[in-house]
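Trainee: The following block contains the structure, expressed as structure tokens.
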Amino acid sequence: MELKRMLICLAAVASICCTSLFGQDVPIKAIDAKAKRVFGLFIKDAVDLADEYERNGNLERARQIFEAINKLDSNAPGINDKIKALQDSILNSNQQVHDLDTTKGWTQIGIAVGGKSFRVVTAGTYEINLEGQLTVAGLPTGDVKTNGMDNDFPLGALIGLFVDKKGKPGKVFLIGSEARLSPNQDSVFFVKLNLPPAAKVEGEIKVGTSGWLNVPVEK
């Protein structure tokens, strides 16, 4: 909340400094020049503050301040590069490794933050055995949102699903070996192998995550 108020003040001061006082009987050019100097110092202080947040490990707050600076002065040198570097650092932080139980269906991996990105990287191998007899009608696929498979995705690929706070599942999506994900709202993140109900699996799969997954949200 304190950071939000600070960013609002930053925008307000910048707006005042960048507005000429038309219609006033005063030396406008001199005042505008002074306003420009004040604005420059204000931007410098904001950059210093963002750098201090970064040095203390709060990369998200640093990114928010640089984003605000960029909106006020899109020509500020190095700001876009700094934002991108911070975004990459955030995405690579908070690294976790999860063991996927291949004998089960949908498995909860963690809590995702709405509008924030996280990365998924997978590794491992497994074997598939089919139980029961097959017919010429083909392999029953079942319902992918329970314990079946989706024919739109490769057989055996890792797939994902977001479930919102009300327990409503969203659209199933492909993860494969690696993916960058960003849900529209706070959600629970699930994964499973894209296999039919008749498939029995043996093997070990590691699901690595980083970024905005299982991260406490600041109020």
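A note on labels: chains of the structure tokens are A, B, ... as shown, every chain counts residues from 1, and ligands are counted from 1 in their shown order.
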May I have the residues within 8 Å of segment 113-117 of chain A as a PyMOL selection string, using only C-alpha atoms and disregarding those fewer than 6 positions away in the same chain?
Mentor: chain A and resi 91+180-187+211-213+215+217
Trainee: Would you kindly return, as number ranges by chain, each protein, DNA or RNA residue with an atom no farther than 9 Å from any atom of segment 101-107 of chain A, considering only C-alpha atoms and excluding same-chain residues fewer than 6 positions away?
Mentor: A: 126, 145-148, 160-161, 189-193, 200-205
Trainee: Give me, please, the distance in Å between atom CA of Ile79 of chain A and atom CA of Phe42 of chain A, quoted to one decimal.
Mentor: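 The value is 14.9 Å.
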Trainee: Which residue gives the smallest distance to Gly40 of chain A among A:Asn70, A:Pro27, A:Ala76, A:Pro197, with only C-alpha atoms counted?
Mentor: A:Ala76
Trainee: Looking only at helix (DSSP H, G or I) from DSSP on the backbone, list the matching residues of segment 4-213 of chain A as a ChimeraX atom specification.
Mentor: /A:4-17,28-55,59-72,79-92
Trainee: For Arg63 of chain A, list every protein, DNA or RNA residue within 10 Å, evaluated using only C-alpha atoms, and leave out those in the same chain fewer than 5 positions away; present the list as a list of chain:residue names.
Mentor: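 Once the nearby chain positions are removed, what remains is A:Ala50, A:Asp51, A:Tyr53, A:Glu54, A:Asn58, A:Ala68, A:Ile69, A:Ile79, A:Lys82, A:Ile83, A:Lys84, A:Ala85, A:Leu86, A:Gln87, A:Ile90.
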Trainee: Residues of the last selection are to be written out with C-alpha atoms, as an mmCIF file, in the first residue's frame.
Mentor:
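File out.cif, as written:
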```cif
data_model
loop_
_atom_site.group_PDB
_atom_site.id
_atom_site.type_symbol
_atom_site.label_atom_id
_atom_site.label_comp_id
_atom_site.auth_asym_id
_atom_site.auth_seq_id
_atom_site.Cartn_x
_atom_site.Cartn_y
_atom_site.Cartn_z
ATOM 1 C CA ALA A 50 14.284 1.337 -7.194
ATOM 2 C CA ASP A 51 17.974 0.408 -7.109
ATOM 3 C CA TYR A 53 14.824 -2.109 -3.448
ATOM 4 C CA GLU A 54 16.717 -4.278 -5.921
ATOM 5 C CA ASN A 58 12.675 -6.877 -3.495
ATOM 6 C CA ALA A 68 6.179 4.032 -13.273
ATOM 7 C CA ILE A 69 9.286 5.963 -14.337
ATOM 8 C CA ILE A 79 14.882 2.043 -18.094
ATOM 9 C CA LYS A 82 16.276 -2.481 -16.540
ATOM 10 C CA ILE A 83 12.620 -3.515 -16.560
ATOM 11 C CA LYS A 84 13.353 -6.484 -18.817
ATOM 12 C CA ALA A 85 16.309 -7.565 -16.667
ATOM 13 C CA LEU A 86 14.175 -7.418 -13.519
ATOM 14 C CA GLN A 87 11.362 -9.360 -15.185
ATOM 15 C CA ILE A 90 11.854 -12.443 -11.073
#
```
